[in-house]
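K.L.:
model12.txt is the file, holding compact mmCIF, C-alpha atoms:
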# COMPACT_ATOMS: atom_id res chain seq x y z
CA MET A 131 1.45 -48.69 6.11
CA ALA A 132 -1.15 -46.17 7.08
CA ARG A 133 -1.96 -43.64 4.38
CA LEU A 134 -2.21 -39.88 4.65
CA LYS A 135 -4.71 -38.15 2.37
CA ILE A 136 -3.57 -34.66 1.34
CA LEU A 137 -6.13 -32.15 0.05
CA TYR A 138 -5.33 -28.88 -1.73
CA PHE A 139 -7.63 -25.92 -2.23
CA ALA A 140 -7.81 -22.69 -4.26
CA TRP A 141 -4.52 -21.67 -5.97
CA VAL A 142 -2.57 -24.37 -4.13
CA ARG A 143 -4.69 -26.98 -5.93
CA GLU A 144 -4.23 -25.24 -9.26
CA ARG A 145 -0.44 -24.98 -8.91
CA ILE A 146 -0.09 -28.62 -7.91
CA GLY A 147 -2.53 -29.74 -10.57
CA THR A 148 -4.64 -31.97 -8.34
CA GLY A 149 -6.99 -31.51 -5.40
CA GLU A 150 -6.07 -34.75 -3.66
CA GLU A 151 -3.26 -37.20 -3.32
CA ALA A 152 -2.35 -39.95 -0.89
CA ILE A 153 1.05 -40.85 0.50
CA GLU A 154 2.41 -43.15 3.15
CA ARG A 155 1.89 -41.45 6.49
CA PRO A 156 5.27 -40.01 7.53
CA GLU A 157 7.02 -41.27 10.65
CA ALA A 158 5.84 -39.92 14.01
CA GLY A 159 7.09 -36.44 14.79
CA THR A 160 7.24 -35.25 11.18
CA THR A 161 5.86 -31.73 10.98
CA ILE A 162 3.70 -30.40 8.16
CA ALA A 163 6.52 -28.02 7.20
CA ALA A 164 8.97 -30.93 6.95
CA LEU A 165 6.52 -32.87 4.80
CA LEU A 166 6.10 -29.85 2.50
CA ASP A 167 9.90 -29.70 2.14
CA ARG A 168 9.90 -33.36 1.17
CA LEU A 169 7.00 -33.04 -1.29
CA GLY A 170 8.64 -29.95 -2.77
CA ARG A 171 11.57 -32.12 -3.82
CA THR A 172 9.29 -34.51 -5.71
CA SER A 173 8.01 -32.09 -8.36
CA ALA A 174 8.48 -28.56 -9.60
CA ALA A 175 4.74 -27.93 -9.17
CA HIS A 176 4.86 -28.85 -5.48
CA ALA A 177 8.00 -26.77 -5.00
CA GLU A 178 6.33 -23.73 -6.57
CA ALA A 179 3.08 -24.17 -4.61
CA PHE A 180 4.91 -24.50 -1.29
CA ARG A 181 7.60 -21.87 -1.93
CA ASP A 182 6.11 -19.03 0.13
CA ARG A 183 5.09 -20.61 3.46
CA ALA A 184 3.68 -17.33 4.78
CA ARG A 185 0.87 -17.73 2.22
CA LEU A 186 -0.06 -21.26 3.31
CA ARG A 187 -2.39 -22.52 6.02
CA ALA A 188 -3.07 -26.10 7.08
CA ALA A 189 -5.65 -28.34 8.70
CA LEU A 190 -5.17 -31.81 10.19
CA ASP A 191 -8.28 -33.97 10.29
CA GLN A 192 -10.31 -30.82 9.48
CA ARG A 193 -8.93 -28.61 12.26
CA PHE A 194 -6.69 -25.60 11.65
CA VAL A 195 -3.12 -26.16 12.83
CA PRO A 196 0.15 -24.24 12.37
CA LEU A 197 2.62 -25.50 9.77
CA ASP A 198 5.04 -26.57 12.50
CA ALA A 199 2.46 -28.99 13.94
CA PRO A 200 3.42 -32.69 13.89
CA ILE A 201 1.26 -34.81 11.60
CA GLY A 202 1.01 -37.53 14.23
CA ALA A 203 -1.68 -40.10 13.51
CA ALA A 204 -3.84 -37.80 11.35
CA ASP A 205 -5.58 -39.33 8.34
CA GLU A 206 -6.20 -36.10 6.40
CA LEU A 207 -3.99 -33.08 5.82
CA ALA A 208 -5.21 -30.03 3.91
CA ILE A 209 -3.01 -27.23 2.53
CA PHE A 210 -4.59 -23.98 1.37
CA PRO A 211 -4.26 -20.18 1.30
CA PRO A 212 -5.74 -18.03 4.09
CA VAL A 213 -9.54 -18.31 3.86
CA THR A 214 -11.61 -15.59 2.16
CA GLY A 215 -15.24 -16.53 2.72
CA GLY A 216 -18.12 -14.53 4.11
CA MET B 1123 -29.90 -22.12 26.66
CA SER B 1124 -30.07 -23.98 23.39
CA ALA B 1125 -30.91 -22.12 20.23
CA ARG B 1126 -32.54 -23.44 17.09
CA LEU B 1127 -29.61 -23.82 14.71
CA ARG B 1128 -29.94 -23.92 10.93
CA ILE B 1129 -26.75 -24.28 8.87
CA LEU B 1130 -26.84 -24.66 5.12
CA VAL B 1131 -23.84 -24.88 2.78
CA SER B 1132 -25.03 -25.21 -0.77
CA GLU B 1133 -24.63 -24.04 -4.36
CA ALA B 1134 -28.29 -23.00 -4.43
CA ASP B 1135 -29.56 -19.48 -3.87
CA PHE B 1136 -31.70 -18.85 -0.79
CA ASP B 1137 -34.67 -16.69 0.16
CA PRO B 1138 -33.76 -14.17 2.89
CA GLY B 1139 -37.46 -13.37 3.42
CA ALA B 1140 -38.29 -16.98 4.20
CA GLU B 1141 -35.22 -17.25 6.45
CA LEU B 1142 -36.24 -14.11 8.37
CA ALA B 1143 -39.81 -15.35 8.69
CA ALA B 1144 -38.54 -18.61 10.23
CA LEU B 1145 -36.52 -16.63 12.78
CA GLU B 1146 -39.50 -14.34 13.48
CA ALA B 1147 -41.63 -17.41 14.22
CA LEU B 1148 -39.40 -18.11 17.24
CA PRO B 1149 -40.47 -16.35 20.43
CA GLY B 1150 -37.54 -13.91 20.75
CA GLY B 1151 -39.02 -10.71 19.43
CA ALA B 1152 -35.69 -9.37 18.12
CA VAL B 1153 -34.26 -10.57 14.80
CA ALA B 1154 -31.03 -9.34 13.19
CA SER B 1155 -29.56 -10.40 9.86
CA PHE B 1156 -26.72 -9.83 7.43
CA THR B 1157 -26.81 -10.68 3.73
CA GLY B 1158 -23.58 -10.60 1.71
CA LEU B 1159 -23.79 -10.24 -2.07
CA VAL B 1160 -21.30 -10.22 -4.95
CA ARG B 1161 -20.24 -6.59 -5.21
CA ASP B 1162 -19.67 -4.93 -8.58
CA ASP B 1163 -16.04 -3.96 -8.19
CA GLY B 1164 -15.71 -2.65 -11.73
CA GLY B 1165 -14.77 -5.31 -14.24
CA LEU B 1166 -16.02 -8.17 -12.10
CA ALA B 1167 -18.48 -10.59 -13.71
CA ALA B 1168 -18.76 -13.24 -11.00
CA LEU B 1169 -17.17 -14.83 -7.99
CA HIS B 1170 -16.31 -18.50 -7.72
CA LEU B 1171 -16.19 -19.93 -4.20
CA ASP B 1172 -14.16 -23.02 -3.46
CA HIS B 1173 -14.64 -24.73 -0.10
CA TYR B 1174 -13.48 -27.68 1.99
CA PRO B 1175 -16.70 -29.68 2.27
CA GLY B 1176 -15.93 -31.82 5.30
CA MET B 1177 -14.51 -28.97 7.34
CA THR B 1178 -16.97 -26.22 6.44
CA GLN B 1179 -19.92 -27.60 8.40
CA ARG B 1180 -17.74 -28.32 11.42
CA GLN B 1181 -16.24 -24.82 11.45
CA ILE B 1182 -19.61 -23.10 11.10
CA GLU B 1183 -21.01 -25.23 13.94
CA ALA B 1184 -18.04 -24.23 16.10
CA ILE B 1185 -18.59 -20.52 15.38
CA ALA B 1186 -22.31 -20.86 16.13
CA ALA B 1187 -21.54 -22.63 19.43
CA LYS B 1188 -19.33 -19.69 20.43
CA ALA B 1189 -22.14 -17.25 19.70
CA MET B 1190 -24.64 -19.34 21.68
CA ALA B 1191 -22.27 -19.45 24.65
CA ARG B 1192 -21.87 -15.69 24.60
CA TRP B 1193 -25.38 -14.35 23.91
CA PRO B 1194 -28.86 -15.54 24.98
CA LEU B 1195 -29.95 -16.60 21.49
CA LEU B 1196 -33.12 -18.44 20.49
CA GLY B 1197 -32.19 -19.05 16.87
CA ILE B 1198 -29.23 -18.86 14.48
CA THR B 1199 -29.37 -19.31 10.72
CA ILE B 1200 -26.15 -19.41 8.69
CA ILE B 1201 -26.25 -20.01 4.94
CA HIS B 1202 -23.10 -19.94 2.83
CA ARG B 1203 -23.05 -20.66 -0.88
CA HIS B 1204 -20.22 -22.12 -2.93
CA GLY B 1205 -19.79 -22.41 -6.68
CA THR B 1206 -20.15 -19.52 -9.12
CA MET B 1207 -22.23 -16.40 -8.34
CA ALA B 1208 -22.73 -13.42 -10.67
CA VAL B 1209 -22.52 -9.80 -9.55
CA GLY B 1210 -25.59 -9.00 -7.43
CA GLU B 1211 -26.18 -12.59 -6.34
CA ARG B 1212 -26.34 -13.52 -2.66
CA ILE B 1213 -23.35 -15.33 -1.14
CA VAL B 1214 -23.99 -15.53 2.59
CA PHE B 1215 -26.76 -15.00 5.13
CA VAL B 1216 -26.50 -14.76 8.90
CA GLY B 1217 -29.65 -14.35 10.99
CA THR B 1218 -30.04 -14.36 14.76
CA THR B 1219 -32.94 -14.00 17.14
CA SER B 1220 -33.08 -13.25 20.85
CA SER B 1221 -35.29 -11.57 23.43
CA HIS B 1222 -32.71 -8.75 23.44
CA ARG B 1223 -31.92 -6.58 20.43
CA THR B 1224 -28.31 -6.07 21.52
CA ALA B 1225 -27.76 -9.83 21.65
CA ALA B 1226 -29.30 -10.29 18.20
CA LEU B 1227 -27.30 -7.45 16.62
CA GLU B 1228 -23.97 -8.20 18.27
CA SER B 1229 -24.10 -11.95 17.67
CA CYS B 1230 -24.96 -11.37 14.01
CA ALA B 1231 -21.88 -9.14 13.57
CA PHE B 1232 -19.74 -11.62 15.53
CA LEU B 1233 -20.86 -14.53 13.34
CA ILE B 1234 -20.11 -12.85 10.02
CA ASP B 1235 -16.74 -11.55 11.27
CA TRP B 1236 -15.74 -15.07 12.38
CA LEU B 1237 -17.14 -16.75 9.27
CA LYS B 1238 -14.82 -14.61 7.18
CA VAL B 1239 -11.68 -15.78 8.97
CA SER B 1240 -12.46 -19.32 10.11
CA ALA B 1241 -14.75 -20.98 7.58
CA PRO B 1242 -12.76 -22.71 4.82
CA PHE B 1243 -14.00 -20.86 1.73
CA TRP B 1244 -11.85 -19.23 -0.96
CA LYS B 1245 -13.06 -16.57 -3.40
CA GLN B 1246 -11.88 -16.32 -6.96
CA ALA B 1247 -12.74 -13.20 -9.00
CA ILE B 1248 -13.90 -13.81 -12.58
CA GLY B 1249 -13.55 -10.69 -14.74
CA ARG B 1250 -15.81 -9.67 -17.59
CA ASP B 1251 -12.85 -10.56 -19.82
CA GLY B 1252 -12.88 -14.08 -18.33
CA ALA B 1253 -9.67 -13.59 -16.34
CA ARG B 1254 -9.62 -15.46 -13.02
CA GLU B 1255 -7.76 -14.35 -9.92
CA TRP B 1256 -7.82 -15.73 -6.37
CA ILE B 1257 -8.69 -13.02 -3.85
CA GLU B 1258 -6.12 -12.43 -1.11
CA ALA B 1259 -7.15 -12.52 2.55
CA ARG B 1260 -7.33 -9.11 4.23
CA PRO B 1261 -5.43 -8.59 7.49
CA ASP B 1262 -8.16 -6.24 8.74
CA ASP B 1263 -10.63 -9.17 8.60
CA ASP B 1264 -8.45 -11.03 11.12
CA ALA B 1265 -8.29 -7.92 13.27
CA ARG B 1266 -12.08 -7.51 13.19
CA ALA B 1267 -12.67 -11.10 14.30
CA GLU B 1268 -10.02 -10.92 17.00
CA GLY B 1269 -11.54 -7.65 18.18
CA TRP B 1270 -14.39 -9.67 19.71
CA GLY B 1271 -11.82 -11.19 22.11
CA GLY B 1272 -12.27 -14.12 24.45
CA VAL B 1273 -13.27 -16.80 21.95
Take the structure I supplied and represent it as structure tokens, if you would.
P.N.:
Amino acid sequence: MARLKILYFAWVRERIGTGEEAIERPEAGTTIAALLDRLGRTSAAHAEAFRDRARLRAALDQRFVPLDAPIGAADELAIFPPVTGG
Amino acid sequence: MSARLRILVSEADFDPGAELAALEALPGGAVASFTGLVRDDGGLAALHLDHYPGMTQRQIEAIAAKAMARWPLLGITIIHRHGTMAVGERIVFVGTTSSHRTAALESCAFLIDWLKVSAPFWKQAIGRDGAREWIEARPDDDARAEGWGGV
């Protein structure tokens, strides 16, 4: 099975308690939002971090995508708050 | 036209004078720059900047490519620090050079506006009492970047 690396940044990382985890890549057509629902059922920390979707942004293979984007054949998913650099 | 592009993402401080001198050494004749520092917001001791290492370089290159496509630039320098920076320390530098002052000034403003909304950095405020708080994104930053249109 192909693996999907998931990276977390800023308060998302702190709430989940890790900056990186790896899972089996979900079946084709699974959206990021659907994966977050699934991960949210695996631990209270994930559920809390993913509770308010309006505060989350995502990138697939290091490109910004909306949460309703399908994961497809991506190798790396990142979940984080809106960026605040500059 | 291809511009000399210098992008640096690092924990280390940088020397704006040396960066400006390097841009002045190019033949444009007009150099514009922006330096962002940690502002004393009352009670703030430092900022900590988290970033997404693999994506940061790619995003900054993409923003620079947009500026090069839009203005006749001879050089772009973008430096963004991560890690912990005390009040008064430099965080970010954007410098541009062109044969036209409008191109240098406008592209510099464009680059910092887009860096704020599309480079994957996150600021955490560290208070003098040691309390840490992630800074929320500002909707007016999105509006400023989108105000450039057509990118």
K.L.:
If you count only C-alpha atoms, which residues fall within 7 Å of Ala152 (chain A), apart from same-chain ones fewer than 4 positions away, as a ChimeraX atom specification?
P.N.:
/A:133-136
K.L.:
Tell me which residues come within 7 Å of (-2.9, -25.9, 3.8), as a PyMOL selection string, counting only C-alpha atoms in the file's coordinates.
P.N.:
chain A and resi 138+186-189+208-211
K.L.:
I'd like the neighbourhood of Arg155 (chain A) as a list in words, where a residue qualifies if any of its atoms comes within 12 Å (using all atoms listed in the file), though same-chain residues fewer than 2 positions away should be ignored.
P.N.:
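After dropping sequence-adjacent residues, the list is Met131, Ala132, Arg133, Leu134, Lys135, Ile136, Glu151, Ala152, Ile153, Glu157, Ala158, Gly159, Thr160, Thr161, Ile162, Leu165, Pro200, Ile201, Gly202, Ala203, Ala204, Asp205, Glu206 and Leu207 of chain A.
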K.L.:
Report as a PyMOL selection string all protein, DNA and RNA residues lying within 8 Å of Val1153 (chain B), evaluated on all atoms listed in the file, omitting residues in the same chain fewer than 2 positions from it.
P.N.:
chain B and resi 1142+1145-1146+1150-1151+1155+1217-1220+1223+1226-1227
K.L.:
Name the residues within 6 Å of (-12.0, -23.8, -1.9), counting all atoms listed in the file in the file's coordinates, and put them as a ChimeraX atom specification.
P.N.:
/A:139-140 /B:1172-1174,1243-1244
K.L.:
Restricting the calculation to all atoms listed in the file, which member of B:Leu1127, B:Leu1148, B:Asp1264, B:Gly1164 is positioned closest to Ala1184 (chain B)?
P.N.:
B:Leu1127
K.L.:
Report the closest atom pair, with its distance in Å rounded to one decimal, for each residue of chain A that has an atom no farther than 6 Å from chain B; count only C-alpha atoms, sort by chain and then rising residue number, and write it as CSV.
P.N.:
residue,atom,partner,partner_atom,distance
A:Gln192,CA,B:Met1177,CA,5.1
A:Pro212,CA,B:Ala1259,CA,5.9
A:Val213,CA,B:Trp1244,CA,5.4
A:Thr214,CA,B:Trp1244,CA,4.8
A:Gly215,CA,B:Phe1243,CA,4.6
A:Gly216,CA,B:Lys1238,CA,4.5
K.L.:
Using all atoms listed in the file, which residues sit within 10 Å of Arg1254 (chain B) once same-chain residues fewer than 6 positions away are excluded, as a PDB file with C-alpha atoms, in the frame of the given file?
P.N.:
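Result file is selection.pdb:
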ATOM      1  CA  LEU B1166     -16.020  -8.170 -12.100  1.00  0.00           C
ATOM      2  CA  ALA B1168     -18.760 -13.240 -11.000  1.00  0.00           C
ATOM      3  CA  LEU B1169     -17.170 -14.830  -7.990  1.00  0.00           C
ATOM      4  CA  HIS B1170     -16.310 -18.500  -7.720  1.00  0.00           C
ATOM      5  CA  GLN B1246     -11.880 -16.320  -6.960  1.00  0.00           C
ATOM      6  CA  ALA B1247     -12.740 -13.200  -9.000  1.00  0.00           C
ATOM      7  CA  ILE B1248     -13.900 -13.810 -12.580  1.00  0.00           C
TER       8      ILE B1248
END
K.L.:
Record the distance separating CA of Gly1205 (chain B) and CA of Pro1261 (chain B), expressed in Å with one decimal.
P.N.:
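Spanning CA of Gly1205 (chain B) to CA of Pro1261 (chain B) is a straight-line distance of 24.5 Å.
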K.L.:
By how many Å are CA of Arg1126 (chain B) and CA of Glu1268 (chain B) apart?
P.N.:
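So the two atoms, CA of Arg1126 (chain B) and CA of Glu1268 (chain B), lie 25.8 Å apart.
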K.L.:
Give me, please, the distance in Å between CA of His176 (chain A) and CA of Asp191 (chain A), quoted to one decimal.
P.N.:
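The value is 21.2 Å.
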K.L.:
Which residues are near Gly1249 (chain B)? Cut-off 6 Å, all atoms listed in the file, ignore same chain within fewer than 3 positions. Put them as number ranges by chain.
P.N.:
B: 1165-1167, 1252-1253
